[in-house]
Structures are given as C-alpha cells and as structure tokens.
$ cat query20.cif   # mmCIF, C-alpha atoms
data_start
#
loop_
_atom_site.label_atom_id
_atom_site.label_comp_id
_atom_site.auth_asym_id
_atom_site.auth_seq_id
_atom_site.Cartn_x
_atom_site.Cartn_y
_atom_site.Cartn_z
CA MET A 7 -23.93 1.14 19.41
CA ARG A 8 -20.83 1.65 21.50
CA ARG A 9 -17.90 3.38 19.80
CA GLY A 10 -15.23 2.71 22.40
CA ILE A 11 -14.65 1.87 26.02
CA GLY A 12 -11.80 4.28 26.61
CA LEU A 13 -8.11 3.90 27.34
CA ALA A 14 -8.49 3.22 31.06
CA LEU A 15 -10.75 0.19 30.63
CA LEU A 16 -8.92 -0.99 27.53
CA SER A 17 -5.63 -1.09 29.46
CA VAL A 18 -6.82 -4.09 31.49
CA VAL A 19 -6.20 -6.38 28.53
CA TRP A 20 -2.55 -5.52 27.80
CA VAL A 21 -0.99 -8.10 30.13
CA SER A 22 -3.16 -10.80 28.61
CA ALA A 23 -2.15 -9.64 25.14
CA ALA A 24 1.53 -9.99 25.97
CA ASN A 25 0.98 -13.51 27.27
CA ALA A 26 -1.16 -14.48 24.30
CA ALA A 27 1.54 -13.31 21.89
CA HIS A 28 3.79 -16.18 22.93
CA HIS A 29 1.18 -18.73 21.89
CA THR A 30 0.10 -17.23 18.54
CA HIS A 31 3.38 -16.32 16.85
CA ARG A 32 2.90 -18.82 14.01
CA VAL A 33 0.17 -18.81 11.39
CA ARG A 34 -2.20 -21.75 11.92
CA MET A 35 -5.11 -22.24 9.58
CA ASN A 36 -7.76 -23.51 11.98
CA ALA A 37 -11.08 -22.46 13.43
CA ASP A 38 -9.48 -20.89 16.49
CA GLU A 39 -7.30 -18.43 14.56
CA PRO A 40 -7.94 -16.15 11.58
CA GLY A 41 -4.80 -17.28 9.71
CA LEU A 42 -3.22 -13.85 9.37
CA ARG A 43 -0.18 -13.17 7.20
CA SER A 44 0.95 -10.05 9.09
CA ALA A 45 4.07 -10.50 11.23
CA SER A 46 2.49 -8.72 14.20
CA ALA A 47 -1.18 -8.36 14.99
CA LEU A 48 -3.60 -7.47 17.74
CA VAL A 49 -7.39 -7.66 17.60
CA ILE A 50 -9.39 -6.30 20.53
CA ASP A 51 -13.12 -6.37 21.11
CA GLU A 52 -13.48 -2.96 22.72
CA THR A 53 -17.14 -3.47 23.48
CA HIS A 54 -16.38 -6.40 25.79
CA ALA A 55 -12.80 -5.40 26.74
CA SER A 56 -11.38 -8.68 25.48
CA ILE A 57 -8.51 -9.79 23.29
CA LEU A 58 -9.61 -11.80 20.28
CA TYR A 59 -6.19 -12.40 18.76
CA SER A 60 -2.59 -11.46 19.49
CA ARG A 61 0.77 -12.07 17.86
CA ASN A 62 3.95 -10.25 18.91
CA ALA A 63 1.69 -7.62 20.45
CA ASP A 64 4.32 -6.25 22.83
CA VAL A 65 7.16 -6.05 20.31
CA ALA A 66 8.06 -2.60 18.96
CA ALA A 67 8.60 -2.34 15.20
CA PRO A 68 8.69 0.40 12.53
CA ILE A 69 5.18 1.71 11.87
CA ALA A 70 5.66 4.02 8.86
CA SER A 71 2.71 6.35 8.20
CA ILE A 72 0.64 5.04 11.10
CA THR A 73 2.67 7.83 12.72
CA LYS A 74 0.36 10.39 11.11
CA LEU A 75 -2.43 9.53 13.57
CA LEU A 76 -0.19 10.74 16.40
CA THR A 77 0.78 13.82 14.37
CA ALA A 78 -2.90 14.70 14.00
CA LEU A 79 -3.50 14.24 17.74
CA VAL A 80 -0.61 16.55 18.64
CA ILE A 81 -1.94 19.22 16.27
CA ALA A 82 -5.41 18.81 17.78
CA ASP A 83 -4.03 19.23 21.30
CA ALA A 84 -2.32 22.47 20.26
CA LYS A 85 -5.68 23.87 19.05
CA LEU A 86 -4.02 25.48 16.04
CA PRO A 87 -6.54 27.09 13.63
CA LEU A 88 -7.51 24.69 10.85
CA ASP A 89 -8.26 27.56 8.46
CA GLU A 90 -4.76 29.04 8.74
CA ARG A 91 -2.91 28.81 5.42
CA VAL A 92 0.36 26.91 5.37
CA GLN A 93 2.88 26.80 2.54
CA VAL A 94 4.78 23.64 1.62
CA THR A 95 8.48 24.54 1.46
CA ASN A 96 11.79 22.92 0.61
CA ASP A 97 12.10 22.00 4.27
CA ASP A 98 9.23 19.56 3.75
CA ARG A 99 11.08 17.68 1.01
CA SER A 100 12.22 14.31 2.38
CA LEU A 101 15.46 12.60 1.44
CA HIS A 102 14.25 9.23 2.72
CA LYS A 103 14.26 6.48 0.11
CA GLY A 104 10.79 5.96 -1.34
CA ALA A 105 9.40 9.25 -0.04
CA PHE A 106 6.56 10.45 -2.23
CA SER A 107 4.34 13.51 -2.40
CA ARG A 108 1.96 15.06 -4.92
CA LEU A 109 2.24 18.48 -3.29
CA ALA A 110 4.65 20.71 -5.18
CA ILE A 111 6.98 23.00 -3.26
CA GLY A 112 5.22 26.35 -2.90
CA THR A 113 1.72 24.84 -2.59
CA THR A 114 -0.37 26.71 -0.03
CA LEU A 115 -3.24 24.94 1.73
CA THR A 116 -5.10 25.32 5.00
CA ARG A 117 -3.89 23.39 8.01
CA GLY A 118 -7.17 21.46 7.84
CA ASP A 119 -6.40 20.46 4.26
CA LEU A 120 -2.96 19.22 5.31
CA ILE A 121 -4.41 17.09 8.11
CA HIS A 122 -7.04 15.74 5.71
CA LEU A 123 -4.43 14.71 3.13
CA ALA A 124 -2.03 13.33 5.73
CA LEU A 125 -4.66 11.04 7.23
CA MET A 126 -6.63 10.06 4.13
CA ALA A 127 -3.97 9.96 1.41
CA SER A 128 -0.89 9.60 3.65
CA GLU A 129 0.62 12.78 2.17
CA ASN A 130 4.18 13.03 3.47
CA ARG A 131 4.88 16.70 2.78
CA ALA A 132 1.53 17.58 4.34
CA ALA A 133 2.48 15.76 7.54
CA HIS A 134 5.92 17.35 7.67
CA ALA A 135 4.47 20.83 7.09
CA LEU A 136 2.15 20.26 10.04
CA GLY A 137 5.11 19.54 12.28
CA ARG A 138 7.26 22.33 10.85
CA THR A 139 4.59 24.97 11.50
CA TYR A 140 3.93 23.77 15.05
CA PRO A 141 4.99 26.38 17.65
CA GLY A 142 8.75 25.88 17.96
CA GLY A 143 8.98 23.92 14.71
CA ILE A 144 10.07 20.29 14.27
CA GLU A 145 12.44 20.68 17.22
CA ALA A 146 9.41 21.16 19.48
CA PHE A 147 7.01 18.92 17.58
CA VAL A 148 8.94 15.64 17.93
CA PRO A 149 9.22 15.94 21.74
CA ALA A 150 5.49 16.76 21.79
CA MET A 151 4.84 13.55 19.84
CA ASN A 152 6.79 11.48 22.33
CA ALA A 153 5.14 13.22 25.27
CA LYS A 154 1.69 12.49 23.80
CA ALA A 155 2.62 8.86 23.25
CA LYS A 156 3.76 8.60 26.87
CA ALA A 157 0.52 10.20 28.07
CA LEU A 158 -1.44 7.57 26.12
CA GLY A 159 0.52 4.78 27.80
CA MET A 160 2.49 3.87 24.67
CA THR A 161 5.47 2.49 26.59
CA ASN A 162 7.25 0.78 23.68
CA SER A 163 7.14 3.71 21.27
CA ARG A 164 9.61 6.24 19.89
CA PHE A 165 9.10 8.95 17.28
CA VAL A 166 11.58 11.08 15.36
CA ASP A 167 9.52 12.54 12.49
CA PRO A 168 5.88 13.53 11.86
CA ALA A 169 5.39 11.63 8.58
CA GLY A 170 6.70 8.19 9.54
CA LEU A 171 9.31 8.04 6.80
CA SER A 172 12.02 7.14 9.31
CA SER A 173 12.31 3.52 10.42
CA ASP A 174 13.19 4.93 13.85
CA ASN A 175 9.49 5.62 14.39
CA VAL A 176 8.56 2.45 16.26
CA ALA A 177 5.67 1.15 18.37
CA SER A 178 4.16 -2.15 19.44
CA PRO A 179 0.67 -3.31 18.43
CA GLU A 180 -0.39 -2.76 22.05
CA ASP A 181 0.74 0.86 21.79
CA LEU A 182 -1.00 1.36 18.48
CA ALA A 183 -4.29 0.02 19.81
CA LYS A 184 -4.15 2.80 22.41
CA LEU A 185 -3.37 5.32 19.68
CA VAL A 186 -6.33 4.15 17.61
CA VAL A 187 -8.69 4.46 20.57
CA ALA A 188 -7.45 8.01 21.27
CA ALA A 189 -7.78 8.98 17.59
CA SER A 190 -11.32 7.59 17.46
CA ARG A 191 -12.38 10.18 20.05
CA ASP A 192 -11.55 13.08 17.73
CA PRO A 193 -14.37 13.78 15.24
CA THR A 194 -12.04 15.53 12.77
CA ILE A 195 -9.61 12.61 12.71
CA ARG A 196 -12.49 10.17 12.30
CA GLU A 197 -13.94 12.13 9.39
CA PHE A 198 -10.69 12.84 7.57
CA SER A 199 -9.22 9.34 7.92
CA THR A 200 -12.35 7.67 6.54
CA ASP A 201 -13.07 10.09 3.68
CA ARG A 202 -12.98 8.28 0.33
CA ARG A 203 -11.55 11.16 -1.70
CA TYR A 204 -10.69 14.82 -1.35
CA ALA A 205 -9.69 17.52 -3.83
CA VAL A 206 -7.58 20.61 -3.13
CA ALA A 207 -6.93 23.65 -5.30
CA VAL A 208 -3.29 23.98 -6.30
CA GLY A 209 -2.84 27.13 -8.34
CA ARG A 210 -5.40 27.10 -11.13
CA ARG A 211 -6.13 23.39 -10.99
CA LYS A 212 -7.57 20.91 -8.56
CA ILE A 213 -5.81 17.73 -7.50
CA GLU A 214 -7.93 14.83 -6.27
CA PHE A 215 -6.57 12.49 -3.63
CA ARG A 216 -7.96 9.07 -2.72
CA ASN A 217 -7.92 7.06 0.47
CA THR A 218 -5.03 4.62 0.76
CA ASN A 219 -7.32 2.05 2.41
CA SER A 220 -9.57 0.34 -0.13
CA LEU A 221 -11.93 -0.88 2.61
CA VAL A 222 -13.10 2.70 3.20
CA GLY A 223 -15.01 2.59 -0.08
CA ASN A 224 -16.62 -0.75 0.72
CA PRO A 225 -20.22 -0.18 1.87
CA THR A 226 -20.22 -3.43 3.87
CA TRP A 227 -17.61 -2.04 6.28
CA ASP A 228 -18.35 0.36 9.14
CA ILE A 229 -14.94 1.95 9.75
CA VAL A 230 -14.68 4.53 12.53
CA VAL A 231 -11.02 5.51 12.09
CA GLN A 232 -8.14 4.05 10.10
CA LYS A 233 -4.61 4.57 8.85
CA THR A 234 -2.31 2.71 6.50
CA GLY A 235 1.47 2.78 6.38
CA TYR A 236 4.40 1.56 4.33
CA ILE A 237 8.15 1.84 4.20
CA SER A 238 10.42 -1.07 3.31
CA GLU A 239 11.53 -1.54 6.92
CA ALA A 240 7.94 -1.65 8.22
CA GLY A 241 6.22 -3.55 5.44
CA LYS A 242 2.54 -2.90 4.78
CA CYS A 243 0.73 -1.78 7.94
CA LEU A 244 -2.90 -1.07 8.82
CA VAL A 245 -4.71 0.05 11.96
CA MET A 246 -8.48 0.44 12.25
CA GLN A 247 -11.36 0.77 14.60
CA ALA A 248 -14.43 -0.78 12.99
CA VAL A 249 -17.85 -2.04 14.02
CA ILE A 250 -18.44 -5.73 13.33
CA ASP A 251 -21.70 -7.35 14.42
CA ASP A 252 -22.39 -4.46 16.80
CA ARG A 253 -18.96 -4.86 18.41
CA THR A 254 -16.40 -2.09 18.30
CA VAL A 255 -13.17 -3.78 17.25
CA VAL A 256 -9.60 -2.46 17.09
CA MET A 257 -7.29 -4.11 14.55
CA VAL A 258 -3.53 -3.59 14.36
CA LEU A 259 -1.67 -5.29 11.49
CA LEU A 260 2.08 -4.71 11.06
CA ASN A 261 4.60 -5.90 8.51
CA SER A 262 2.31 -7.57 6.00
CA TYR A 263 3.93 -8.84 2.83
CA GLY A 264 2.42 -8.29 -0.57
CA ARG A 265 0.37 -5.40 -1.86
CA TYR A 266 -3.02 -6.61 -0.62
CA THR A 267 -2.14 -8.68 2.44
CA ARG A 268 -3.00 -6.10 5.11
CA VAL A 269 -6.49 -5.60 3.65
CA ALA A 270 -6.92 -9.34 3.17
CA ASP A 271 -5.95 -9.87 6.82
CA ALA A 272 -8.61 -7.37 7.92
CA VAL A 273 -11.16 -9.30 5.86
CA ARG A 274 -9.96 -12.57 7.43
CA ILE A 275 -10.44 -11.10 10.89
CA ARG A 276 -13.99 -10.05 10.10
CA ARG A 277 -14.94 -13.40 8.57
CA TRP A 278 -13.33 -15.25 11.47
CA MET A 279 -15.22 -13.13 13.99
CA GLU A 280 -18.52 -13.59 12.18
CA ALA A 281 -17.98 -17.34 11.99
CA LYS A 282 -17.13 -17.62 15.69
CA LEU A 283 -20.15 -15.51 16.65
CA ALA A 284 -22.38 -17.68 14.47
CA GLU A 285 -21.00 -20.81 16.17
CA HIS A 286 -21.66 -19.27 19.58
CA THR A 287 -25.22 -18.38 18.62
CA ALA A 288 -25.87 -21.85 17.22
CA ALA A 289 -24.47 -23.47 20.36
CA GLY A 290 -26.73 -21.31 22.51
CA HIS A 291 -29.81 -22.30 20.52
CA SER A 292 -28.95 -26.01 20.73
CA LYS A 293 -29.12 -25.82 24.52
CA VAL A 294 -32.65 -24.46 24.54
#
$ encode --input "query20.cif" --output "structure tokens"
Amino acid sequence: MRRGIGLALLSVVWVSAANAAHHTHRVRMNADEPGLRSASALVIDETHASILYSRNADVAAPIASITKLLTALVIADAKLPLDERVQVTNDDRSLHKGAFSRLAIGTTLTRGDLIHLALMASENRAAHALGRTYPGGIEAFVPAMNAKAKALGMTNSRFVDPAGLSSDNVASPEDLAKLVVAASRDPTIREFSTDRRYAVAVGRRKIEFRNTNSLVGNPTWDIVVQKTGYISEAGKCLVMQAVIDDRTVVMVLLNSYGRYTRVADAVRIRRWMEAKLAEHTAAGHSKV
C-alpha cells in the first residue's frame, strides 16, 4: 500500500486544482460532487496524482491549529532532544480570545510530551512552549516556520505564531495539502497526531488528553496523519491523509460551520469516493 507520492510529483496537480476551484465553488448535491459544507476544500488522490475535488483551493484563509503540523516539522528539523524537560511559563499564556489550555503555568513536561499534546489534543500552551524554547526563542521560531513553508512550496502562506491562535496564520488548501504530505513522512508526527488518548503526569496527578478528531477512534478509518483546528475567524478546519480503498488520499477542509460539519464532510468524501469507485468497477464489468 502506497503511503504517499511525495511533494515533487504531487505538485503537478496544483494548476489543475486552481482551475477546478472556479467550477466547484457552490455546493451541488449530485453524483459528481460530494456535497461538502466546508467553504474551502481540496481532495487529492495521492496514489494516482489526481485531484478528486477542489473548491477555493488557491485562496489563503486562517487555518487555526492546523498550524501545529508546521510547528512540529520545524522542531523535527532542529533535531532538539525529545526527552529534554520544558516548563510551561507565563510567556506561554495567550491573550487571544477563546484560547484554552489544560496545562497549568509551571507544568514541566518533556519536549516529546509537548509535541504529542499539541498534535493530538491541540494544546495551545504546549505549542507555544515548543516555539519559545526553540534556539533563539519565538523571534527565531516564526521566521523558521515561514522558511519551512516556503521550502515546502506553500506560496500562499504566512505564519506569526506556533499555536495558530492568530487569524494572521493563513494558508490555502493547496498549501496545506503539501504540509500534510510533508508531515506524513515523519513517523513521530504520524504517531502522535493519530493517538486516541495520552496521559501526562502533572505534579502528583495524571491528566488524560483525548484526540480532537473523533474519526481517529473509528476502526473503519485508516488515518495516516491528521490535525484539526478552530478559531472564530477560521471556522472548523480539518486536514488528513487517509487510506480509502487502497488509495492514499489527502483531504483539506477549511471553514466548516457547525460542530460536526468537518467530520461529516470527511465522511461524505469517503462515501462519495467509494460510490464512484463502485460505479467504475460496475461499468468495467458490464463491458466484459
């Protein structure tokens, strides 16, 4: 089973995605489209290097905690020790509206724990602590994020913080598909982002965290890497690489409305793909 075709081969579909976006900007409930409710979307069959669906794929928009995938990649590139202990400080407290964290100021965890919580549970203070303890601090980390994005070919992206709490963190679905492919190559990111739950010791007690993506716990899904995101400016967001009918598929869903819409859209994509593949198989048999 193929787990990815790589950024170089995947890049051949971006021009087609931009053109397709102009023809799929409205939701149409028919057999040719999955009927998604997300404002922007891109679905790519990596295995066959083809675009399955595109809407506003070249338009940059706030991406919220999808940012944390890039944060994890920058930390991985720096080869910082995952067993080094890092303390959450007042500097990691965010003033952004809606910012949330279960990590109390003064909590000390390993860098690996912080990456785990940032990817799996979208822990904001964990993500900020990762950037703050990068060599040179946040002042060096944010340029490193933008440099990494540029290296990945994310031409419509801009980042200003490691957690994604700022609406100034923006990217297009095309950019995020490239980010997902890059993240899928890192075994630690794959493992941490798809873990169902994880507990860390905080003082004398343990705190259990759960994955923000309910599909991770569904045994019928084969998810390679994933990340959710939400701030009011971005809406509900979801990116994934998953295997569907032996095809490695990248899904990018931005600005979904409603609590469950992004997950429901992922389910719609899968059902739509399975239905289209079944039609194709049936058509092939009828010609025999």
$ closest_atom_pairs --input "query20.cif" --of "region 47-116 of chain A" --to "region 232-246 of chain A" --cutoff "7 Å" --atoms "only C-alpha atoms" --output "Markdown table"
| residue | atom | partner | partner_atom | distance |
| --- | --- | --- | --- | --- |
| A:Pro68 | CA | A:Ala240 | CA | 4.8 |
| A:Ile69 | CA | A:Ala240 | CA | 5.7 |
| A:Ala70 | CA | A:Gly235 | CA | 5.0 |
| A:Ser71 | CA | A:Gly235 | CA | 4.2 |
| A:Ile72 | CA | A:Gly235 | CA | 5.3 |
$ residues_around --input "query20.cif" --residues "Gly112 (chain A)" --least-positions-apart "2" --cutoff "8 Å" --atoms "only C-alpha atoms" --output "list in words"
Gln93, Val94, Thr95, Ala110 and Thr114 of chain A
$ resolve_selection --input "query20.cif" --expression "the PyMOL selection byres ((chain A and resi 75-82) around 7)" --output "list in words"
Ile72, Thr73, Lys74, Asp83, Ala84, Lys85, Leu86, Ile121, Leu125, Ala150, Met151, Lys154, Pro168 and Ala189 of chain A
$ atom_distance --input "query20.cif" --atom1 "CA of Asn224 (chain A)" --atom2 "CA of His122 (chain A)"
19.7 Å
$ atom_distance --input "query20.cif" --atom1 "CA of Ala132 (chain A)" --atom2 "CA of Phe106 (chain A)"
10.9 Å
$ resolve_selection --input "query20.cif" --expression "the PyMOL selection byres ((chain A and resi 88) around 7)" --output "list of chain:residue names"
A:Leu86, A:Pro87, A:Asp89, A:Glu90, A:Thr116, A:Arg117, A:Gly118
$ residues_around --input "query20.cif" --residues "region 247-264 of chain A" --least-positions-apart "6" --cutoff "8 Å" --atoms "all atoms listed in the file" --output "short mmCIF file (atom, residue, chain, number, x, y, z; two decimals) with C-alpha atoms, in the frame of the given file"
data_model
loop_
_atom_site.label_atom_id
_atom_site.label_comp_id
_atom_site.auth_asym_id
_atom_site.auth_seq_id
_atom_site.Cartn_x
_atom_site.Cartn_y
_atom_site.Cartn_z
CA MET A 7 -23.93 1.14 19.41
CA ARG A 8 -20.83 1.65 21.50
CA ARG A 9 -17.90 3.38 19.80
CA GLY A 10 -15.23 2.71 22.40
CA ARG A 43 -0.18 -13.17 7.20
CA SER A 44 0.95 -10.05 9.09
CA ALA A 45 4.07 -10.50 11.23
CA SER A 46 2.49 -8.72 14.20
CA ALA A 47 -1.18 -8.36 14.99
CA LEU A 48 -3.60 -7.47 17.74
CA VAL A 49 -7.39 -7.66 17.60
CA ILE A 50 -9.39 -6.30 20.53
CA ASP A 51 -13.12 -6.37 21.11
CA GLU A 52 -13.48 -2.96 22.72
CA THR A 53 -17.14 -3.47 23.48
CA HIS A 54 -16.38 -6.40 25.79
CA ILE A 69 5.18 1.71 11.87
CA PRO A 179 0.67 -3.31 18.43
CA LEU A 182 -1.00 1.36 18.48
CA ALA A 183 -4.29 0.02 19.81
CA VAL A 186 -6.33 4.15 17.61
CA VAL A 187 -8.69 4.46 20.57
CA SER A 190 -11.32 7.59 17.46
CA TRP A 227 -17.61 -2.04 6.28
CA ASP A 228 -18.35 0.36 9.14
CA ILE A 229 -14.94 1.95 9.75
CA VAL A 230 -14.68 4.53 12.53
CA VAL A 231 -11.02 5.51 12.09
CA GLN A 232 -8.14 4.05 10.10
CA ALA A 240 7.94 -1.65 8.22
CA GLY A 241 6.22 -3.55 5.44
CA ASP A 271 -5.95 -9.87 6.82
CA ALA A 272 -8.61 -7.37 7.92
CA ARG A 276 -13.99 -10.05 10.10
CA GLU A 280 -18.52 -13.59 12.18
#
$ resolve_selection --input "query20.cif" --expression "the PyMOL selection byres ((chain A and resi 166) around 10)" --output "VMD selection string"
chain A and resid 73 144 to 145 147 to 149 151 to 152 164 to 165 167 to 176
$ closest_residue --input "query20.cif" --among "A:Glu285, A:Gly209, A:Val273, A:Asn217" --to "Ile111 (chain A)" --atoms "all atoms listed in the file"
A:Gly209
$ closest_residue --input "query20.cif" --among "A:Phe198, A:Trp278, A:Tyr59, A:Phe215" --to "Glu129 (chain A)" --atoms "only C-alpha atoms"
A:Phe215
$ atom_distance --input "query20.cif" --atom1 "CA of Asp97 (chain A)" --atom2 "CA of Ala146 (chain A)"
15.5 Å
$ residues_around --input "query20.cif" --residues "Gly159 (chain A)" --least-positions-apart "2" --cutoff "10 Å" --atoms "all atoms listed in the file" --output "list in words"
Leu13, Ala14, Ser17, Ala153, Lys154, Ala155, Lys156, Ala157, Thr161, Asn162, Ser163, Glu180, Asp181, Lys184 and Leu185 of chain A
$ residues_around --input "query20.cif" --residues "Met126 (chain A)" --least-positions-apart "5" --cutoff "8 Å" --atoms "only C-alpha atoms" --output "list in words"
Phe198, Ser199, Thr200, Asp201, Arg202, Arg203, Arg216, Asn217, Thr218 and Lys233 of chain A
$ build_atoms --input "query20.cif" --residues "region 75-88 of chain A" --atoms "N, CA and C atoms" --output "PDB file, in the coordinates of the input"
ATOM      1  N   LEU A  75      -1.347   9.424  12.593  1.00  0.00           N
ATOM      2  CA  LEU A  75      -2.430   9.530  13.570  1.00  0.00           C
ATOM      3  C   LEU A  75      -1.962  10.299  14.802  1.00  0.00           C
ATOM      4  N   LEU A  76      -0.745  10.016  15.253  1.00  0.00           N
ATOM      5  CA  LEU A  76      -0.190  10.740  16.400  1.00  0.00           C
ATOM      6  C   LEU A  76       0.059  12.196  16.040  1.00  0.00           C
ATOM      7  N   THR A  77       0.557  12.441  14.837  1.00  0.00           N
ATOM      8  CA  THR A  77       0.780  13.820  14.370  1.00  0.00           C
ATOM      9  C   THR A  77      -0.520  14.613  14.437  1.00  0.00           C
ATOM     10  N   ALA A  78      -1.603  14.009  13.979  1.00  0.00           N
ATOM     11  CA  ALA A  78      -2.900  14.700  14.000  1.00  0.00           C
ATOM     12  C   ALA A  78      -3.357  14.973  15.425  1.00  0.00           C
ATOM     13  N   LEU A  79      -3.110  14.038  16.341  1.00  0.00           N
ATOM     14  CA  LEU A  79      -3.500  14.240  17.740  1.00  0.00           C
ATOM     15  C   LEU A  79      -2.723  15.382  18.383  1.00  0.00           C
ATOM     16  N   VAL A  80      -1.430  15.472  18.074  1.00  0.00           N
ATOM     17  CA  VAL A  80      -0.610  16.550  18.640  1.00  0.00           C
ATOM     18  C   VAL A  80      -1.084  17.902  18.115  1.00  0.00           C
ATOM     19  N   ILE A  81      -1.402  17.980  16.838  1.00  0.00           N
ATOM     20  CA  ILE A  81      -1.940  19.220  16.270  1.00  0.00           C
ATOM     21  C   ILE A  81      -3.270  19.575  16.927  1.00  0.00           C
ATOM     22  N   ALA A  82      -4.111  18.573  17.146  1.00  0.00           N
ATOM     23  CA  ALA A  82      -5.410  18.810  17.780  1.00  0.00           C
ATOM     24  C   ALA A  82      -5.229  19.345  19.200  1.00  0.00           C
ATOM     25  N   ASP A  83      -4.283  18.777  19.931  1.00  0.00           N
ATOM     26  CA  ASP A  83      -4.030  19.230  21.300  1.00  0.00           C
ATOM     27  C   ASP A  83      -3.585  20.685  21.345  1.00  0.00           C
ATOM     28  N   ALA A  84      -2.846  21.104  20.305  1.00  0.00           N
ATOM     29  CA  ALA A  84      -2.320  22.470  20.260  1.00  0.00           C
ATOM     30  C   ALA A  84      -3.404  23.489  19.895  1.00  0.00           C
ATOM     31  N   LYS A  85      -4.554  22.993  19.421  1.00  0.00           N
ATOM     32  CA  LYS A  85      -5.680  23.870  19.050  1.00  0.00           C
ATOM     33  C   LYS A  85      -5.256  24.951  18.046  1.00  0.00           C
ATOM     34  N   LEU A  86      -4.433  24.559  17.094  1.00  0.00           N
ATOM     35  CA  LEU A  86      -4.020  25.480  16.040  1.00  0.00           C
ATOM     36  C   LEU A  86      -5.175  25.659  15.062  1.00  0.00           C
ATOM     37  N   PRO A  87      -5.388  26.849  14.522  1.00  0.00           N
ATOM     38  CA  PRO A  87      -6.540  27.090  13.630  1.00  0.00           C
ATOM     39  C   PRO A  87      -6.439  26.265  12.348  1.00  0.00           C
ATOM     40  N   LEU A  88      -7.505  25.542  12.035  1.00  0.00           N
ATOM     41  CA  LEU A  88      -7.510  24.690  10.850  1.00  0.00           C
ATOM     42  C   LEU A  88      -7.636  25.496   9.566  1.00  0.00           C
TER      43      LEU A  88
END
